[in-house]
$ cat input08.txt   # compact mmCIF, C-alpha atoms
# COMPACT_ATOMS: atom_id res chain seq x y z
CA MET O 1 49.61 -14.14 107.16
CA ILE O 2 46.22 -15.04 105.68
CA ASP O 3 44.89 -18.49 106.56
CA LEU O 4 42.92 -19.54 103.48
CA ALA O 5 41.26 -22.39 105.42
CA GLU O 6 39.40 -19.75 107.43
CA PHE O 7 37.75 -18.78 104.13
CA GLY O 8 36.90 -22.37 103.20
CA ILE O 9 39.74 -22.64 100.68
CA HIS O 10 41.21 -26.15 100.94
CA GLU O 11 42.93 -28.59 98.56
CA GLY O 12 40.96 -28.95 95.34
CA ILE O 13 38.91 -26.44 93.38
CA SER O 14 36.74 -23.83 95.09
CA GLU O 15 34.23 -21.94 92.96
CA VAL O 16 34.45 -18.20 93.51
CA ILE O 17 33.59 -15.04 91.61
CA VAL O 18 36.74 -13.10 90.76
CA THR O 19 36.58 -9.35 90.44
CA THR O 20 39.14 -7.38 88.46
CA LEU O 21 39.55 -3.80 87.32
CA SER O 22 40.27 -2.58 83.80
CA VAL O 23 42.85 0.08 83.02
CA ASN O 24 39.87 2.42 82.52
CA GLY O 25 38.60 1.69 86.04
CA VAL O 26 35.69 -0.54 84.98
CA PRO O 27 35.03 -3.45 87.37
CA ASN O 28 34.49 -6.95 86.01
CA ALA O 29 33.26 -10.15 87.65
CA ALA O 30 33.58 -13.75 86.45
CA PRO O 31 33.28 -17.13 88.14
CA VAL O 32 36.49 -19.13 88.27
CA GLY O 33 37.73 -22.29 89.89
CA LEU O 34 40.30 -21.38 92.52
CA HIS O 35 42.81 -24.26 92.59
CA LYS O 36 44.77 -25.16 95.70
CA LYS O 37 47.22 -27.97 95.04
CA ASP O 38 50.52 -28.89 96.69
CA GLY O 39 50.82 -25.50 98.36
CA ARG O 40 50.11 -23.60 95.13
CA LEU O 41 47.13 -21.33 94.65
CA PHE O 42 46.09 -20.45 91.11
CA PHE O 43 43.30 -20.17 88.59
CA ARG O 44 43.15 -20.72 84.86
CA LEU O 45 41.72 -18.15 82.47
CA PHE O 46 40.73 -18.34 78.85
CA ASN O 47 41.27 -15.21 76.76
CA SER O 48 38.72 -12.82 78.25
CA LYS O 49 38.14 -9.43 79.87
CA THR O 50 39.24 -10.99 83.14
CA LEU O 51 42.56 -12.06 81.66
CA ASP O 52 43.07 -8.67 79.99
CA ASN O 53 42.45 -6.98 83.35
CA VAL O 54 44.86 -9.27 85.23
CA LEU O 55 47.55 -8.72 82.59
CA SER O 56 47.21 -4.94 82.77
CA ARG O 57 46.67 -4.73 86.54
CA PRO O 58 47.96 -7.88 88.30
CA VAL O 59 45.40 -7.93 91.10
CA ALA O 60 42.27 -10.07 91.52
CA CYS O 61 39.78 -10.53 94.31
CA ALA O 62 38.14 -13.89 95.03
CA ASN O 63 34.60 -13.20 96.23
CA ILE O 64 33.02 -16.01 98.22
CA VAL O 65 29.34 -16.02 97.32
CA ASP O 66 26.43 -18.36 98.00
CA ASP O 67 23.87 -16.92 95.57
CA PRO O 68 23.49 -19.05 92.41
CA VAL O 69 21.86 -16.18 90.49
CA LEU O 70 24.96 -14.05 91.07
CA PHE O 71 27.14 -16.83 89.64
CA VAL O 72 24.98 -16.99 86.50
CA ARG O 73 24.87 -13.22 86.05
CA SER O 74 28.64 -12.87 86.44
CA ALA O 75 29.33 -15.69 83.97
CA LEU O 76 26.88 -14.86 81.20
CA SER O 77 26.34 -11.10 81.37
CA ASP O 78 28.02 -7.89 82.50
CA MET O 79 27.38 -6.94 86.10
CA ASP O 80 25.93 -3.54 86.95
CA SER O 81 28.18 -0.96 88.59
CA GLY O 82 25.81 -1.07 91.57
CA ASP O 83 26.79 -4.72 92.20
CA PHE O 84 30.26 -3.59 93.32
CA GLU O 85 31.70 -1.65 96.19
CA PHE O 86 35.27 -0.42 96.21
CA VAL O 87 37.55 -1.38 99.08
CA ASP O 88 40.91 0.38 98.99
CA GLY O 89 40.22 1.28 95.35
CA PHE O 90 39.45 -2.27 94.19
CA PRO O 91 36.04 -3.79 93.33
CA VAL O 92 34.41 -6.33 95.63
CA LEU O 93 30.92 -7.74 95.15
CA ASN O 94 28.31 -6.21 97.46
CA GLU O 95 26.89 -9.66 98.15
CA ALA O 96 30.22 -11.35 98.96
CA LEU O 97 30.20 -13.26 102.23
CA ALA O 98 33.97 -12.84 102.28
CA TRP O 99 36.73 -11.84 99.89
CA ILE O 100 40.44 -12.34 99.45
CA ARG O 101 42.51 -9.95 97.34
CA PHE O 102 45.50 -11.45 95.55
CA ARG O 103 48.61 -10.24 93.81
CA CYS O 104 48.74 -12.11 90.49
CA GLU O 105 51.55 -13.50 88.42
CA CYS O 106 50.27 -14.57 85.02
CA LYS O 107 51.85 -17.20 82.82
CA LYS O 108 50.24 -16.31 79.49
CA GLY O 109 49.30 -19.21 77.26
CA GLU O 110 47.96 -19.28 73.74
CA LYS O 111 44.43 -20.28 74.80
CA ILE O 112 44.61 -20.74 78.56
CA SER O 113 46.70 -18.74 81.00
CA VAL O 114 47.62 -19.75 84.54
CA VAL O 115 47.46 -17.06 87.20
CA GLU O 116 49.50 -17.76 90.36
CA LEU O 117 48.04 -16.05 93.43
CA SER O 118 49.52 -14.53 96.58
CA PRO O 119 47.01 -13.28 99.20
CA VAL O 120 47.36 -9.62 100.13
CA SER O 121 44.24 -8.70 102.13
CA CYS O 122 40.91 -10.18 103.09
CA ALA O 123 37.65 -9.64 104.94
CA VAL O 124 34.67 -11.61 106.15
CA THR O 125 31.50 -9.60 105.60
CA SER O 126 28.87 -12.14 106.70
CA LEU O 127 28.85 -15.19 108.92
CA THR O 128 26.03 -16.89 107.05
CA VAL O 129 26.02 -20.66 107.46
CA ARG O 130 24.77 -22.63 104.48
CA PRO O 131 24.89 -26.40 104.23
CA VAL O 132 25.77 -28.10 100.96
CA ASN O 133 22.79 -27.99 98.59
CA ARG O 134 22.80 -30.33 95.62
CA GLY O 135 20.65 -27.86 93.66
CA PHE O 136 23.23 -25.09 94.14
CA ASN O 137 26.01 -27.45 93.07
CA ALA O 138 23.98 -28.46 90.01
CA VAL O 139 23.65 -24.78 89.03
CA ILE O 140 27.44 -24.43 89.19
CA GLU O 141 27.94 -27.53 87.02
CA ALA O 142 25.29 -26.32 84.55
CA LEU O 143 27.02 -22.95 84.43
CA VAL O 144 30.34 -24.56 83.52
CA ASP O 145 28.60 -26.30 80.61
CA ALA O 146 26.75 -23.10 79.68
CA THR O 147 29.99 -21.14 79.33
CA ARG O 148 31.37 -23.92 77.14
CA TYR O 149 28.17 -23.93 75.10
CA VAL O 150 28.50 -20.17 74.52
CA VAL O 151 32.10 -20.57 73.35
CA PHE O 152 31.97 -23.89 71.47
CA GLY O 153 28.29 -24.64 70.82
CA GLY O 154 27.18 -28.25 70.77
CA GLN O 155 24.21 -30.33 71.78
CA LYS O 156 26.23 -32.25 74.37
CA TYR O 157 26.47 -29.12 76.52
CA LEU O 158 22.73 -28.47 76.23
CA ASP O 159 22.04 -32.09 77.21
CA ARG O 160 24.23 -31.76 80.28
CA ILE O 161 22.59 -28.46 81.22
CA GLY O 162 19.21 -30.24 80.94
CA TYR O 163 20.41 -32.98 83.28
CA TYR O 164 21.48 -30.43 85.88
CA ASP O 165 18.24 -28.50 85.42
CA LYS O 166 16.31 -31.62 86.45
CA LEU O 167 18.53 -31.98 89.51
CA VAL O 168 17.89 -28.34 90.42
CA GLY O 169 14.15 -29.00 90.14
CA LYS O 170 14.50 -31.93 92.52
CA CYS O 171 17.00 -30.55 95.04
CA GLY O 172 17.14 -26.77 94.69
CA GLY O 173 15.14 -23.93 96.12
CA GLY O 174 13.77 -20.73 94.62
CA ARG O 175 17.14 -19.04 93.98
CA GLU O 176 18.53 -22.13 92.25
CA MET O 177 15.44 -22.36 90.02
CA GLU O 178 15.70 -18.64 89.24
CA ALA O 179 19.39 -19.14 88.38
CA MET O 180 18.54 -21.92 85.90
CA ARG O 181 15.79 -19.81 84.30
CA LEU O 182 18.26 -16.95 83.89
CA LEU O 183 20.95 -19.30 82.57
CA TYR O 184 18.66 -20.55 79.80
CA GLU O 185 17.60 -16.98 78.98
CA LEU O 186 21.19 -15.72 78.74
CA ILE O 187 22.37 -18.57 76.50
CA GLY O 188 19.36 -18.04 74.24
CA GLU O 189 17.61 -21.34 74.89

$ encode --input "input08.txt" --output "structure tokens"
Amino acid sequence: MIDLAEFGIHEGISEVIVTTLSVNGVPNAAPVGLHKKDGRLFFRLFNSKTLDNVLSRPVACANIVDDPVLFVRSALSDMDSGDFEFVDGFPVLNEALAWIRFRCECKKGEKISVVELSPVSCAVTSLTVRPVNRGFNAVIEALVDATRYVVFGGQKYLDRIGYYDKLVGKCGGGREMEAMRLLYELIGE
């Protein structure tokens, strides 16, 4: 049995990058919030390549990553094939500190689908220790607003991204600042 706590997955929402595989064998990566609540483990997906992949092949891999640039790239652009390695025929991010592969059961909704998860296999690939960094967290929050800006538009999302950008400038390091630069570039601002 897989102990999710060993991977830092506790009650609440953990930000991970999910990898999936299309019916044509093309890997995809997208950040998602992995929800653990009352013994359930699930994520929510809007209509997307990720959802299409899970519907056609009900497997997903949660990649635990600490690089903010990788989060931005996976959210706002297509990853390069060189960013993935295949473990037992399924894509995992090269830079993942750990990963957990899940069997998926999707409850398709009109706009948002809920994907229930059952762990199947896992691995820890690096024992890197990284304390909480407010700049990294600000990149994640800015990225949530950036994906909403791309879908819905709206000045309110740009304003919020600007707020988090200032926080990154105050609290983040070089990778967080690079992530924000890339975020603005990829949303066309």

$ closest_residue --input "input08.txt" --among "O:Val32, O:Val115, O:Leu158, O:Leu183" --to "Ile17 (chain O)" --atoms "only C-alpha atoms"
O:Val32

$ residues_around --input "input08.txt" --residues "region 164-167 of chain O" --least-positions-apart "2" --cutoff "7 Å" --atoms "only C-alpha atoms" --output "list of chain:residue names"
O:Gly135, O:Ala138, O:Val139, O:Ala142, O:Arg160, O:Ile161, O:Gly162, O:Gly169, O:Lys170, O:Cys171, O:Met180

$ closest_residue --input "input08.txt" --among "O:Asn133, O:Ile64, O:Gly8, O:Leu76" --to "Gly173 (chain O)" --atoms "only C-alpha atoms"
O:Asn133

$ atom_distance --input "input08.txt" --atom1 "CA of Phe42 (chain O)" --atom2 "CA of Arg175 (chain O)"
29.1 Å

$ residues_around --input "input08.txt" --residues "Pro68 (chain O)" --least-positions-apart "3" --cutoff "8 Å" --atoms "all atoms listed in the file" --output "ChimeraX atom specification"
/O:71-72,136,139-140,175-176,179

$ atom_distance --input "input08.txt" --atom1 "CA of Arg40 (chain O)" --atom2 "CA of Leu117 (chain O)"
8.0 Å

$ residues_around --input "input08.txt" --residues "region 82-95 of chain O" --least-positions-apart "6" --cutoff "9 Å" --atoms "all atoms listed in the file" --output "compact mmCIF listing (two decimals) with C-alpha atoms, in the coordinates of the input"
# COMPACT_ATOMS: atom_id res chain seq x y z
CA ILE O 17 33.59 -15.04 91.61
CA VAL O 18 36.74 -13.10 90.76
CA THR O 19 36.58 -9.35 90.44
CA THR O 20 39.14 -7.38 88.46
CA LEU O 21 39.55 -3.80 87.32
CA VAL O 26 35.69 -0.54 84.98
CA PRO O 27 35.03 -3.45 87.37
CA ASN O 28 34.49 -6.95 86.01
CA ALA O 29 33.26 -10.15 87.65
CA VAL O 59 45.40 -7.93 91.10
CA ALA O 60 42.27 -10.07 91.52
CA CYS O 61 39.78 -10.53 94.31
CA ALA O 62 38.14 -13.89 95.03
CA ASN O 63 34.60 -13.20 96.23
CA ILE O 64 33.02 -16.01 98.22
CA VAL O 65 29.34 -16.02 97.32
CA ASP O 66 26.43 -18.36 98.00
CA ASP O 67 23.87 -16.92 95.57
CA LEU O 70 24.96 -14.05 91.07
CA ARG O 101 42.51 -9.95 97.34
CA THR O 125 31.50 -9.60 105.60

$ closest_residue --input "input08.txt" --among "O:Phe46, O:Tyr157, O:Tyr149, O:Tyr163" --to "Gly109 (chain O)" --atoms "only C-alpha atoms"
O:Phe46

$ atom_distance --input "input08.txt" --atom1 "CA of Leu143 (chain O)" --atom2 "CA of Val23 (chain O)"
28.0 Å

$ closest_residue --input "input08.txt" --among "O:Arg73, O:His10, O:Lys156, O:Lys107" --to "Phe43 (chain O)" --atoms "all atoms listed in the file"
O:Lys107

$ closest_residue --input "input08.txt" --among "O:Arg57, O:Arg44, O:Lys49, O:Lys36" --to "Arg103 (chain O)" --atoms "all atoms listed in the file"
O:Arg57

$ residues_around --input "input08.txt" --residues "Ser126 (chain O)" --least-positions-apart "6" --cutoff "8 Å" --atoms "all atoms listed in the file" --output "count of residues only"
3

$ closest_residue --input "input08.txt" --among "O:Cys104, O:Val150, O:Leu55, O:Leu41" --to "Glu189 (chain O)" --atoms "all atoms listed in the file"
O:Val150

$ residues_around --input "input08.txt" --residues "Gly12 (chain O)" --least-positions-apart "2" --cutoff "9 Å" --atoms "all atoms listed in the file" --output "number ranges by chain"
O: 9-10, 14, 34-37
